[in-house]
file input39.cif (mmCIF, C-alpha atoms and all ligand atoms)
data_work
#
loop_
_atom_site.label_atom_id
_atom_site.label_comp_id
_atom_site.auth_asym_id
_atom_site.auth_seq_id
_atom_site.Cartn_x
_atom_site.Cartn_y
_atom_site.Cartn_z
CA MET V 1 0.00 0.00 0.00
CA SER V 2 2.72 2.44 0.87
CA PHE V 3 4.03 2.61 -2.65
CA SER V 4 0.77 3.38 -4.37
CA LEU V 5 0.01 6.06 -1.80
CA ALA V 6 3.36 7.64 -1.90
CA ARG V 7 3.45 8.31 -5.58
CA PHE V 8 0.73 10.87 -5.41
CA PHE V 9 2.42 13.30 -3.15
CA LEU V 10 4.66 15.36 -5.35
CA GLN V 11 2.12 16.74 -7.80
CA PHE V 12 1.29 19.71 -5.65
CA ALA V 13 4.66 20.01 -4.05
CA ASN V 14 6.64 20.32 -7.25
CA SER V 15 6.35 24.12 -7.67
CA SER V 16 7.81 24.84 -4.31
CA LYS V 17 10.79 22.65 -5.08
CA ALA V 18 10.68 21.20 -1.62
CA ALA V 19 13.57 18.91 -0.85
CA ASN V 20 13.50 15.52 -2.43
CA ILE V 21 13.88 12.75 0.04
CA SER V 22 16.07 10.19 -1.56
CA SER V 23 14.87 6.87 -0.38
CA SER V 24 13.32 3.89 -2.00
CA ASN V 25 9.96 5.33 -1.03
CA TYR V 26 8.94 7.87 -3.59
CA GLY V 27 7.97 11.28 -2.29
CA TYR V 28 7.55 11.98 1.38
CA PHE V 29 6.12 8.72 2.55
CA LEU V 30 8.08 7.32 5.40
CA SER V 31 7.14 3.80 6.15
CA THR V 32 8.47 0.37 6.67
CA PRO V 33 7.25 -2.69 4.82
CA ASN V 34 5.68 -4.05 7.95
CA THR V 35 2.78 -6.42 7.71
CA ARG V 36 1.83 -6.97 11.32
CA LYS V 37 -1.25 -5.29 12.83
CA PHE V 38 -0.61 -2.24 14.96
CA THR V 39 -2.57 -0.31 17.52
CA GLU V 40 -2.77 3.40 18.14
CA THR V 41 -2.29 4.56 21.70
CA PRO V 42 -2.47 8.31 22.17
CA THR V 43 -1.40 8.95 25.76
CA THR V 44 -4.03 11.64 26.20
CA GLY V 45 -6.92 9.41 25.11
CA ALA V 46 -8.25 6.25 26.69
CA HIS V 47 -9.42 4.57 23.50
CA LYS V 48 -7.56 1.93 21.55
CA SER V 49 -8.05 1.10 17.95
CA THR V 50 -7.15 -2.11 16.23
CA GLU V 51 -6.91 -0.28 12.93
CA GLU V 52 -3.71 1.09 11.54
CA LEU V 53 -2.94 4.78 11.81
CA LEU V 54 -1.37 7.09 9.26
CA VAL V 55 -0.30 10.48 10.58
CA VAL V 56 0.15 13.16 7.95
CA VAL V 57 2.30 16.11 9.02
CA GLY V 58 1.10 19.23 7.22
CA GLY V 59 -2.29 20.19 5.90
CA GLY V 60 -1.05 21.79 2.69
CA ALA V 61 -1.90 20.60 -0.80
CA ALA V 62 0.40 17.59 -0.56
CA GLY V 63 -0.77 16.52 2.88
CA MET V 64 -4.48 16.95 2.23
CA PHE V 65 -4.34 15.16 -1.11
CA GLY V 66 -2.15 12.45 0.37
CA ALA V 67 -4.61 11.93 3.21
CA ILE V 68 -7.56 11.70 0.79
CA ARG V 69 -5.66 9.30 -1.41
CA ALA V 70 -4.76 7.14 1.59
CA LYS V 71 -8.41 6.89 2.62
CA THR V 72 -9.33 6.08 -0.98
CA VAL V 73 -6.98 3.15 -1.34
CA ALA V 74 -7.31 2.00 2.29
CA PRO V 75 -10.72 3.04 3.67
CA ASN V 76 -10.10 1.28 7.00
CA LEU V 77 -6.92 3.17 7.68
CA ASN V 78 -7.21 5.89 10.35
CA VAL V 79 -5.84 9.02 8.77
CA VAL V 80 -5.01 12.07 10.89
CA VAL V 81 -3.63 15.30 9.47
CA ILE V 82 -1.65 17.44 11.93
CA GLU V 83 -1.50 21.06 10.82
CA LYS V 84 0.16 23.78 12.85
CA GLY V 85 -1.67 26.68 11.18
CA LYS V 86 -4.55 26.89 8.74
CA PRO V 87 -4.95 24.11 6.20
CA LEU V 88 -4.27 24.86 2.54
CA SER V 89 -3.20 28.44 3.26
CA LYS V 90 -0.64 28.43 0.46
CA VAL V 91 -3.17 27.09 -2.01
CA LYS V 92 -5.33 30.10 -1.19
CA ILE V 93 -2.72 32.55 -2.51
CA SER V 94 -1.49 30.31 -5.32
CA GLY V 95 -1.81 31.45 -8.91
CA GLY V 96 -2.65 35.00 -7.82
CA GLY V 97 -5.62 33.66 -5.85
CA ARG V 98 -6.85 31.56 -8.79
CA CYS V 99 -4.72 28.41 -8.23
CA ASN V 100 -2.95 27.16 -11.31
CA VAL V 101 -3.90 23.50 -10.88
CA THR V 102 -1.67 21.87 -13.48
CA ASN V 103 -0.62 22.05 -17.13
CA GLY V 104 -3.23 21.29 -19.73
CA HIS V 105 -1.05 21.21 -22.84
CA CYS V 106 1.31 18.42 -22.00
CA SER V 107 -0.14 14.98 -22.10
CA ASP V 108 3.23 13.60 -23.23
CA HIS V 109 5.04 12.97 -19.95
CA ARG V 110 8.48 12.94 -21.51
CA ILE V 111 8.03 16.42 -22.96
CA LEU V 112 6.49 17.71 -19.74
CA ALA V 113 9.38 16.37 -17.64
CA GLU V 114 11.89 18.23 -19.82
CA HIS V 115 10.38 21.50 -18.58
CA TYR V 116 11.60 20.75 -15.06
CA PRO V 117 15.18 21.87 -14.48
CA ARG V 118 15.65 19.34 -11.71
CA GLY V 119 14.18 15.94 -10.97
CA HIS V 120 12.89 15.39 -14.49
CA ARG V 121 14.13 11.82 -14.63
CA GLU V 122 12.13 10.83 -11.56
CA LEU V 123 9.07 12.72 -12.75
CA ARG V 124 9.19 11.14 -16.20
CA GLY V 125 10.05 7.68 -14.96
CA SER V 126 7.41 6.94 -12.43
CA PHE V 127 5.54 9.92 -11.09
CA PHE V 128 3.82 11.27 -14.17
CA ASN V 129 3.01 7.77 -15.35
CA THR V 130 1.15 7.16 -12.11
CA HIS V 131 -0.43 10.56 -11.69
CA GLY V 132 0.09 13.06 -14.48
CA PRO V 133 -1.64 16.34 -15.28
CA VAL V 134 -4.51 14.56 -17.02
CA ASP V 135 -5.16 12.53 -13.86
CA THR V 136 -5.11 15.74 -11.81
CA MET V 137 -7.65 17.38 -14.09
CA SER V 138 -9.87 14.30 -14.09
CA TRP V 139 -9.71 14.10 -10.32
CA PHE V 140 -10.90 17.66 -9.80
CA SER V 141 -13.55 17.39 -12.54
CA ASP V 142 -14.83 14.15 -11.00
CA HIS V 143 -15.05 15.93 -7.65
CA GLY V 144 -17.11 18.81 -8.96
CA VAL V 145 -14.52 21.46 -9.84
CA ALA V 146 -15.00 22.68 -13.41
CA LEU V 147 -11.63 23.58 -14.95
CA LYS V 148 -10.47 25.59 -17.94
CA ILE V 149 -7.21 25.53 -19.88
CA GLU V 150 -5.83 28.96 -20.76
CA ASP V 151 -3.91 29.68 -23.98
CA ASP V 152 -0.52 29.13 -22.36
CA GLY V 153 -1.57 25.75 -20.96
CA ARG V 154 -2.22 26.81 -17.38
CA VAL V 155 -5.26 25.14 -15.85
CA PHE V 156 -7.52 27.09 -13.46
CA PRO V 157 -10.90 26.47 -11.89
CA ILE V 158 -13.61 28.14 -13.99
CA SER V 159 -14.55 30.10 -10.87
CA ASN V 160 -11.11 31.81 -11.08
CA SER V 161 -10.86 31.26 -7.35
CA SER V 162 -8.54 29.03 -5.36
CA SER V 163 -11.42 28.63 -2.87
CA SER V 164 -12.98 26.11 -5.28
CA ILE V 165 -9.90 23.92 -4.92
CA ILE V 166 -9.73 24.39 -1.15
CA GLU V 167 -13.42 23.61 -0.65
CA CYS V 168 -13.11 20.52 -2.84
CA LEU V 169 -10.12 19.13 -0.92
CA LEU V 170 -11.59 19.91 2.51
CA SER V 171 -14.99 18.48 1.70
CA GLU V 172 -13.51 15.34 0.12
CA ALA V 173 -11.27 14.86 3.17
CA LYS V 174 -14.29 15.15 5.44
CA HIS V 175 -16.35 12.85 3.26
CA LYS V 176 -13.63 10.20 3.32
CA GLY V 177 -13.28 10.44 7.11
CA VAL V 178 -9.89 12.14 7.35
CA SER V 179 -9.40 13.73 10.77
CA LEU V 180 -7.93 17.22 10.40
CA GLN V 181 -6.33 18.55 13.59
CA THR V 182 -5.22 22.15 13.38
CA GLY V 183 -3.11 24.18 15.79
CA LYS V 184 -0.91 21.14 16.43
CA VAL V 185 2.78 20.80 15.70
CA LEU V 186 4.73 17.60 15.23
CA GLU V 187 7.79 18.29 17.35
CA ASN V 188 9.55 14.99 17.32
CA ALA V 189 9.42 11.57 15.69
CA SER V 190 11.29 8.34 16.14
CA VAL V 191 10.86 4.85 14.79
CA ASP V 192 11.53 1.50 16.42
CA ALA V 193 13.02 -1.60 14.86
CA GLY V 194 9.54 -2.93 14.09
CA GLY V 195 8.69 0.16 12.04
CA LYS V 196 6.39 1.82 14.54
CA PHE V 197 6.52 5.62 14.74
CA TYR V 198 6.51 7.47 18.06
CA LEU V 199 5.41 11.06 17.69
CA LYS V 200 5.36 14.06 20.02
CA VAL V 201 2.57 16.40 19.01
CA GLU V 202 2.21 19.78 20.71
CA LYS V 203 -0.79 22.03 21.02
CA ARG V 204 0.32 25.11 22.93
CA THR V 205 1.53 23.65 26.25
CA VAL V 206 -0.10 20.25 25.90
CA VAL V 207 2.07 17.44 24.57
CA GLU V 208 0.47 14.33 23.09
CA SER V 209 2.32 11.09 22.40
CA VAL V 210 1.03 9.23 19.39
CA GLU V 211 2.02 5.85 18.03
CA ALA V 212 1.54 5.58 14.30
CA ASP V 213 2.00 2.82 11.78
CA TYR V 214 2.73 5.17 8.91
CA LEU V 215 4.01 8.71 8.75
CA LEU V 216 3.72 11.06 5.82
CA ILE V 217 5.87 14.17 6.12
CA ALA V 218 4.23 16.77 3.88
CA SER V 219 5.48 19.83 5.71
CA GLY V 220 6.41 21.82 2.61
CA SER V 221 9.64 23.77 2.84
CA SER V 222 9.67 23.70 6.64
CA GLN V 223 13.13 23.11 8.02
CA GLN V 224 11.57 21.11 10.82
CA GLY V 225 10.17 18.65 8.28
CA TYR V 226 13.60 18.14 6.75
CA SER V 227 15.07 17.59 10.21
CA LEU V 228 12.39 15.05 11.10
CA ALA V 229 13.00 13.16 7.87
CA THR V 230 16.77 13.18 8.49
CA GLN V 231 16.20 11.96 12.03
CA LEU V 232 14.23 9.05 10.59
CA GLY V 233 17.08 8.03 8.33
CA HIS V 234 16.31 9.80 5.07
CA SER V 235 18.77 11.97 3.24
CA ILE V 236 17.79 15.38 1.94
CA VAL V 237 18.84 16.93 -1.33
CA ASP V 238 19.44 20.62 -0.60
CA PRO V 239 16.47 22.59 -1.92
CA VAL V 240 17.09 25.45 -4.34
CA PRO V 241 14.79 28.40 -4.98
CA SER V 242 12.47 28.30 -7.94
CA LEU V 243 9.72 30.46 -9.38
CA PHE V 244 10.88 33.83 -8.08
CA THR V 245 10.78 37.38 -9.36
CA PHE V 246 13.96 39.23 -10.38
CA LYS V 247 15.14 42.06 -8.20
CA ILE V 248 17.35 44.43 -10.16
CA GLU V 249 20.04 46.45 -8.38
CA ARG V 250 19.98 50.16 -9.26
CA PHE V 251 16.78 49.61 -11.21
CA ARG V 252 16.45 52.43 -13.73
CA ALA V 253 12.90 51.81 -14.85
CA ARG V 254 11.21 52.86 -11.59
CA ARG V 255 9.06 55.31 -13.49
CA VAL V 256 7.48 52.55 -15.54
CA VAL V 257 6.44 50.43 -12.57
CA ARG V 258 3.29 48.36 -12.78
CA VAL V 259 3.43 48.24 -16.54
CA THR V 260 2.35 44.92 -18.00
CA PHE V 261 3.71 43.71 -21.31
CA PRO V 262 1.28 41.09 -22.62
CA LYS V 263 3.92 39.27 -24.67
CA VAL V 264 7.70 39.60 -24.60
CA GLU V 265 10.56 37.30 -25.46
CA ALA V 266 13.10 36.99 -22.65
CA LYS V 267 16.39 35.07 -22.66
CA LEU V 268 18.47 33.85 -19.79
CA LYS V 269 22.24 33.47 -20.14
CA LEU V 270 23.73 31.24 -17.49
CA ASP V 271 27.36 31.25 -16.43
CA ASN V 272 29.18 28.09 -17.49
CA VAL V 273 26.29 26.74 -19.53
CA GLN V 274 27.28 26.46 -23.16
CA ARG V 275 24.66 24.07 -24.43
CA ASN V 276 21.55 25.44 -25.96
CA ILE V 277 18.65 24.83 -23.59
CA PRO V 278 15.41 25.80 -25.34
CA HIS V 279 13.71 26.63 -22.03
CA LEU V 280 16.15 29.49 -21.48
CA THR V 281 14.11 31.50 -23.97
CA GLN V 282 10.53 32.15 -22.91
CA VAL V 283 7.70 34.12 -24.42
CA GLY V 284 4.81 35.43 -22.36
CA PRO V 285 3.46 38.23 -20.17
CA MET V 286 5.91 40.32 -18.13
CA LEU V 287 5.28 42.77 -15.32
CA VAL V 288 7.57 45.64 -14.35
CA THR V 289 7.41 46.15 -10.58
CA HIS V 290 9.11 48.72 -8.37
CA TRP V 291 12.00 46.37 -7.66
CA GLY V 292 12.45 44.66 -11.02
CA LEU V 293 10.66 42.13 -13.18
CA SER V 294 7.89 39.66 -12.58
CA GLY V 295 5.08 37.89 -14.44
CA PRO V 296 4.78 34.39 -15.93
CA VAL V 297 7.69 34.74 -18.39
CA ILE V 298 10.08 35.75 -15.59
CA LEU V 299 8.84 33.09 -13.17
CA ARG V 300 9.29 30.39 -15.80
CA LEU V 301 12.87 31.50 -16.46
CA SER V 302 13.70 31.72 -12.75
CA ALA V 303 13.43 27.97 -12.37
CA TRP V 304 16.60 27.60 -14.47
CA VAL V 305 18.69 30.10 -12.50
CA LEU V 306 21.21 28.46 -10.22
CA VAL V 307 23.75 31.13 -9.41
CA ASN V 308 24.76 33.83 -11.85
CA CYS V 309 22.78 34.72 -14.90
CA LEU V 310 22.12 37.50 -17.33
CA LEU V 311 18.56 38.25 -18.33
CA GLN V 312 17.80 39.90 -21.65
CA VAL V 313 14.32 40.98 -22.63
CA THR V 314 14.96 40.69 -26.33
CA LYS V 315 11.71 41.84 -27.90
CA GLU V 316 8.09 42.74 -27.41
CA CYS V 317 5.96 40.39 -29.47
CA SER V 318 2.74 41.23 -31.18
C1 LIG V 401 2.63 33.14 -4.14
C2 LIG V 401 2.60 31.68 -4.55
C3 LIG V 401 1.87 31.30 -5.66
C4 LIG V 401 1.84 29.96 -6.06
N1 LIG V 401 1.09 29.61 -7.14
C5 LIG V 401 1.01 28.31 -7.49
C6 LIG V 401 0.13 27.87 -8.52
O1 LIG V 401 -0.61 28.67 -9.10
N2 LIG V 401 0.13 26.55 -8.84
C7 LIG V 401 0.92 25.63 -8.17
O2 LIG V 401 0.86 24.43 -8.50
N3 LIG V 401 1.72 26.02 -7.18
C8 LIG V 401 1.76 27.32 -6.81
N4 LIG V 401 2.56 27.69 -5.78
C9 LIG V 401 3.31 26.68 -5.09
C10 LIG V 401 2.35 25.88 -4.22
O3 LIG V 401 1.56 26.77 -3.47
C11 LIG V 401 3.13 24.99 -3.32
O4 LIG V 401 3.98 24.19 -4.09
C12 LIG V 401 2.23 24.05 -2.54
O5 LIG V 401 1.24 24.76 -1.88
C13 LIG V 401 3.08 23.28 -1.58
O6 LIG V 401 2.24 22.43 -0.89
P1 LIG V 401 2.79 21.54 0.28
O7 LIG V 401 1.62 20.82 0.85
O8 LIG V 401 3.95 20.74 -0.18
O9 LIG V 401 3.41 22.56 1.33
P2 LIG V 401 2.71 23.73 2.16
O10 LIG V 401 1.58 24.33 1.44
O11 LIG V 401 3.81 24.62 2.60
O12 LIG V 401 2.10 22.95 3.39
C14 LIG V 401 2.88 22.47 4.43
C15 LIG V 401 2.06 22.59 5.69
O13 LIG V 401 2.73 21.92 6.73
C16 LIG V 401 2.54 22.64 7.93
N5 LIG V 401 3.64 22.23 8.82
C17 LIG V 401 4.97 22.39 8.63
N6 LIG V 401 5.65 21.82 9.63
C18 LIG V 401 4.73 21.30 10.49
C19 LIG V 401 4.82 20.59 11.71
N7 LIG V 401 6.00 20.28 12.27
N8 LIG V 401 3.67 20.22 12.33
C20 LIG V 401 2.48 20.51 11.79
N9 LIG V 401 2.33 21.17 10.61
C21 LIG V 401 3.44 21.57 9.98
C22 LIG V 401 2.58 24.11 7.51
O14 LIG V 401 1.89 24.92 8.43
C23 LIG V 401 1.88 24.04 6.14
O15 LIG V 401 0.50 24.31 6.22
C24 LIG V 401 2.58 29.01 -5.34
C25 LIG V 401 3.30 29.39 -4.20
C26 LIG V 401 3.30 30.70 -3.81
C27 LIG V 401 4.07 31.09 -2.57
#

call {"tool": "encode", "arguments": {"input": "input39.cif", "output": "structure tokens"}}
result
Amino acid sequence: MSFSLARFFLQFANSSKAANISSSNYGYFLSTPNTRKFTETPTTGAHKSTEELLVVVGGGAAGMFGAIRAKTVAPNLNVVVIEKGKPLSKVKISGGGRCNVTNGHCSDHRILAEHYPRGHRELRGSFFNTHGPVDTMSWFSDHGVALKIEDDGRVFPISNSSSSIIECLLSEAKHKGVSLQTGKVLENASVDAGGKFYLKVEKRTVVESVEADYLLIASGSSQQGYSLATQLGHSIVDPVPSLFTFKIERFRARRVVRVTFPKVEAKLKLDNVQRNIPHLTQVGPMLVTHWGLSGPVILRLSAWVLVNCLLQVTKECS
């Protein structure tokens, strides 16, 4: 079960470029191939359950979808999401408040994977084959969110509001019986030789001890999440920034701030990169802000920046 669950977790997490956890388990799923039956014994509660327990750390897109998926493939599994703040808060602001759900132009997984500067082999090899953009669109359509594909391939809810995505995920989680516990922080986790997880969960001054059979760390870019995964024996690939705007030192175009160019061609020249990478030239909308450049064309290019680069806006297109 762990493998089929685990493969679904990166779809939402990919834009943030959260650290990859290099282990034989794909994504953030930390589990052991244990077949014996476990019990859950929260120290604060008197009840015992003979069912297995999955604790999901983080109620973001990855955690909520992972929890729903877990309940879908294993309806008898107890699934608890521990979220320290508000669930899906990043989804709310995503895509300028509209939530760019996926890409609607790339049904060929090999081509799609080439657009990712890092991790494209893993995406192409197993992830997209198991859960690609078409699956994402079908999932939301099947769960009542009407979607549209814009000219540049970005997929949004027809409502143009990320709330449609949030409501869908929260209501599906509730419908499936996922327990969402907010205001709680996973502070510590350890695992015994039998594969059982021992968790310390804090809510203000109250500390709960929870024994779990499975643990899904979907804590986004939180350093604590990386530390917990390391503590449990996983190794972390250092994350690098992606999808950022360009701040320009001594910016001379301050007087033209907030000007939108609907279509420009922009090129990125990277130090020490001789080969011609087609993605280093992008065409699309660009926004001039008071600190530099933003907009889809700039964000797309930013993913390829590692250290030093030179950006040229070569032409305005008609
Ligand atoms: C401005 C902006 C716009 C974006 N637009 C888009 C877009 O249009 N389309 C797109 O696909 N992506 C977009 N992204 C990226 C996307 O929002 C993220 O990739 C995605 O939300 C990451 O989801 P996640 O579940 O991995 O992490 P997060 O959303 O960061 O969720 C992690 C959760 O874990 C919780 N947490 C962390 N540590 C603990 C702990 N120890 N205990 C309990 N809880 C914990 C946090 O409170 C958080 O809620 C955008 C991002 C930003 C910032």

call {"tool": "residues_near_point", "arguments": {"input": "input39.cif", "point": "(15.7, 10.1, 9.0)", "cutoff": "10 Å", "atoms": "all atoms listed in the file", "output": "PyMOL selection string"}}
result
chain V and resi 21+23+30+189-191+226-236

call {"tool": "write_last_selection", "arguments": {"input": "input39.cif", "atoms": "C-alpha atoms", "output": "PDB file, in the coordinates of the input"}}
result
ATOM      1  CA  ILE V  21      13.880  12.750   0.040  1.00  0.00           C
ATOM      2  CA  SER V  23      14.870   6.870  -0.380  1.00  0.00           C
ATOM      3  CA  LEU V  30       8.080   7.320   5.400  1.00  0.00           C
ATOM      4  CA  ALA V 189       9.420  11.570  15.690  1.00  0.00           C
ATOM      5  CA  SER V 190      11.290   8.340  16.140  1.00  0.00           C
ATOM      6  CA  VAL V 191      10.860   4.850  14.790  1.00  0.00           C
ATOM      7  CA  TYR V 226      13.600  18.140   6.750  1.00  0.00           C
ATOM      8  CA  SER V 227      15.070  17.590  10.210  1.00  0.00           C
ATOM      9  CA  LEU V 228      12.390  15.050  11.100  1.00  0.00           C
ATOM     10  CA  ALA V 229      13.000  13.160   7.870  1.00  0.00           C
ATOM     11  CA  THR V 230      16.770  13.180   8.490  1.00  0.00           C
ATOM     12  CA  GLN V 231      16.200  11.960  12.030  1.00  0.00           C
ATOM     13  CA  LEU V 232      14.230   9.050  10.590  1.00  0.00           C
ATOM     14  CA  GLY V 233      17.080   8.030   8.330  1.00  0.00           C
ATOM     15  CA  HIS V 234      16.310   9.800   5.070  1.00  0.00           C
ATOM     16  CA  SER V 235      18.770  11.970   3.240  1.00  0.00           C
ATOM     17  CA  ILE V 236      17.790  15.380   1.940  1.00  0.00           C
TER      18      ILE V 236
END

call {"tool": "residues_near_ligand", "arguments": {"input": "input39.cif", "ligand": "ligand LIG 401 (chain V)", "cutoff": "7 Å", "atoms": "all atoms listed in the file", "output": "ChimeraX atom specification"}}
result
/V:12-16,18,57-63,82-91,93-96,98-102,184-187,218-222,224-225

call {"tool": "atom_distance", "arguments": {"input": "input39.cif", "atom1": "CA of Ala173 (chain V)", "atom2": "CA of Ile68 (chain V)"}}
result
5.4 Å

call {"tool": "closest_residue", "arguments": {"input": "input39.cif", "among": "V:Leu123, V:Leu310, V:Ile166, V:Leu280", "to": "Gly97 (chain V)", "atoms": "all atoms listed in the file"}}
result
V:Ile166

call {"tool": "closest_residue", "arguments": {"input": "input39.cif", "among": "V:Arg121, V:Ser163, V:Leu53, V:Leu169", "to": "Arg69 (chain V)", "atoms": "only C-alpha atoms"}}
result
V:Leu169

call {"tool": "atom_distance", "arguments": {"input": "input39.cif", "atom1": "CA of Thr314 (chain V)", "atom2": "CA of His120 (chain V)"}}
result
28.0 Å

call {"tool": "closest_residue", "arguments": {"input": "input39.cif", "among": "V:Leu54, V:Leu268, V:Met137, V:Cys309", "to": "Cys106 (chain V)", "atoms": "all atoms listed in the file"}}
result
V:Met137

call {"tool": "residues_around", "arguments": {"input": "input39.cif", "residues": "Gly177 (chain V)", "least_positions_apart": "4", "cutoff": "9 Å", "atoms": "only C-alpha atoms", "output": "JSON, numbers by chain"}}
result
{"V": [68, 71, 75, 78, 79, 172, 173]}

call {"tool": "closest_residue", "arguments": {"input": "input39.cif", "among": "V:Phe261, V:Tyr198, V:Tyr214, V:Phe246", "to": "Val305 (chain V)", "atoms": "all atoms listed in the file"}}
result
V:Phe246

call {"tool": "atom_distance", "arguments": {"input": "input39.cif", "atom1": "CA of His175 (chain V)", "atom2": "CA of Leu147 (chain V)"}}
result
21.7 Å

call {"tool": "closest_residue", "arguments": {"input": "input39.cif", "among": "V:His115, V:Ile149, V:Val134, V:Gln282", "to": "Gly295 (chain V)", "atoms": "only C-alpha atoms"}}
result
V:Gln282

call {"tool": "axis_aligned_box", "arguments": {"input": "input39.cif", "around": "region 303-316 of chain V", "padding_each_side": "6 Å", "output": "JSON"}}
result
{"center_x": 16.4, "center_y": 35.2, "center_z": -18.7, "size_x": 28.7, "size_y": 27.1, "size_z": 30.5}

call {"tool": "closest_residue", "arguments": {"input": "input39.cif", "among": "V:Asp213, V:Gly292, V:Pro278, V:Gln181", "to": "Gly195 (chain V)", "atoms": "all atoms listed in the file"}}
result
V:Asp213

call {"tool": "build_atoms", "arguments": {"input": "input39.cif", "residues": "region 186-204 of chain V", "atoms": "N, CA and C atoms", "output": "compact mmCIF listing (two decimals), keeping the file's coordinate frame"}}
result
# COMPACT_ATOMS: atom_id res chain seq x y z
N LEU V 186 3.93 18.80 14.97
CA LEU V 186 4.73 17.60 15.23
C LEU V 186 6.12 18.07 15.62
N GLU V 187 6.51 17.80 16.84
CA GLU V 187 7.79 18.29 17.35
C GLU V 187 8.90 17.27 17.22
N ASN V 188 8.52 16.00 17.30
CA ASN V 188 9.55 14.99 17.32
C ASN V 188 9.00 13.66 16.81
N ALA V 189 9.85 12.88 16.18
CA ALA V 189 9.42 11.57 15.69
C ALA V 189 10.59 10.59 15.78
N SER V 190 10.27 9.39 16.18
CA SER V 190 11.29 8.34 16.14
C SER V 190 10.62 7.06 15.68
N VAL V 191 11.42 6.10 15.30
CA VAL V 191 10.86 4.85 14.79
C VAL V 191 11.60 3.69 15.46
N ASP V 192 10.84 2.64 15.80
CA ASP V 192 11.53 1.50 16.42
C ASP V 192 11.88 0.45 15.36
N ALA V 193 12.53 -0.59 15.81
CA ALA V 193 13.02 -1.60 14.86
C ALA V 193 11.87 -2.27 14.12
N GLY V 194 10.70 -2.29 14.74
CA GLY V 194 9.54 -2.93 14.09
C GLY V 194 8.83 -2.00 13.12
N GLY V 195 9.30 -0.75 13.00
CA GLY V 195 8.69 0.16 12.04
C GLY V 195 7.58 1.02 12.62
N LYS V 196 7.43 1.01 13.91
CA LYS V 196 6.39 1.82 14.54
C LYS V 196 6.93 3.22 14.81
N PHE V 197 6.10 4.23 14.54
CA PHE V 197 6.52 5.62 14.74
C PHE V 197 6.01 6.14 16.08
N TYR V 198 6.87 6.85 16.79
CA TYR V 198 6.51 7.47 18.06
C TYR V 198 6.61 8.98 17.89
N LEU V 199 5.48 9.64 18.03
CA LEU V 199 5.41 11.06 17.69
C LEU V 199 5.08 11.89 18.92
N LYS V 200 5.71 13.08 18.97
CA LYS V 200 5.36 14.06 20.02
C LYS V 200 4.65 15.20 19.31
N VAL V 201 3.38 15.37 19.66
CA VAL V 201 2.57 16.40 19.01
C VAL V 201 2.20 17.45 20.05
N GLU V 202 2.46 18.71 19.74
CA GLU V 202 2.21 19.78 20.71
C GLU V 202 1.07 20.68 20.28
N LYS V 203 0.20 20.98 21.23
CA LYS V 203 -0.79 22.03 21.02
C LYS V 203 -0.62 22.99 22.19
N ARG V 204 -0.08 24.14 21.90
CA ARG V 204 0.32 25.11 22.93
C ARG V 204 1.18 24.40 23.98
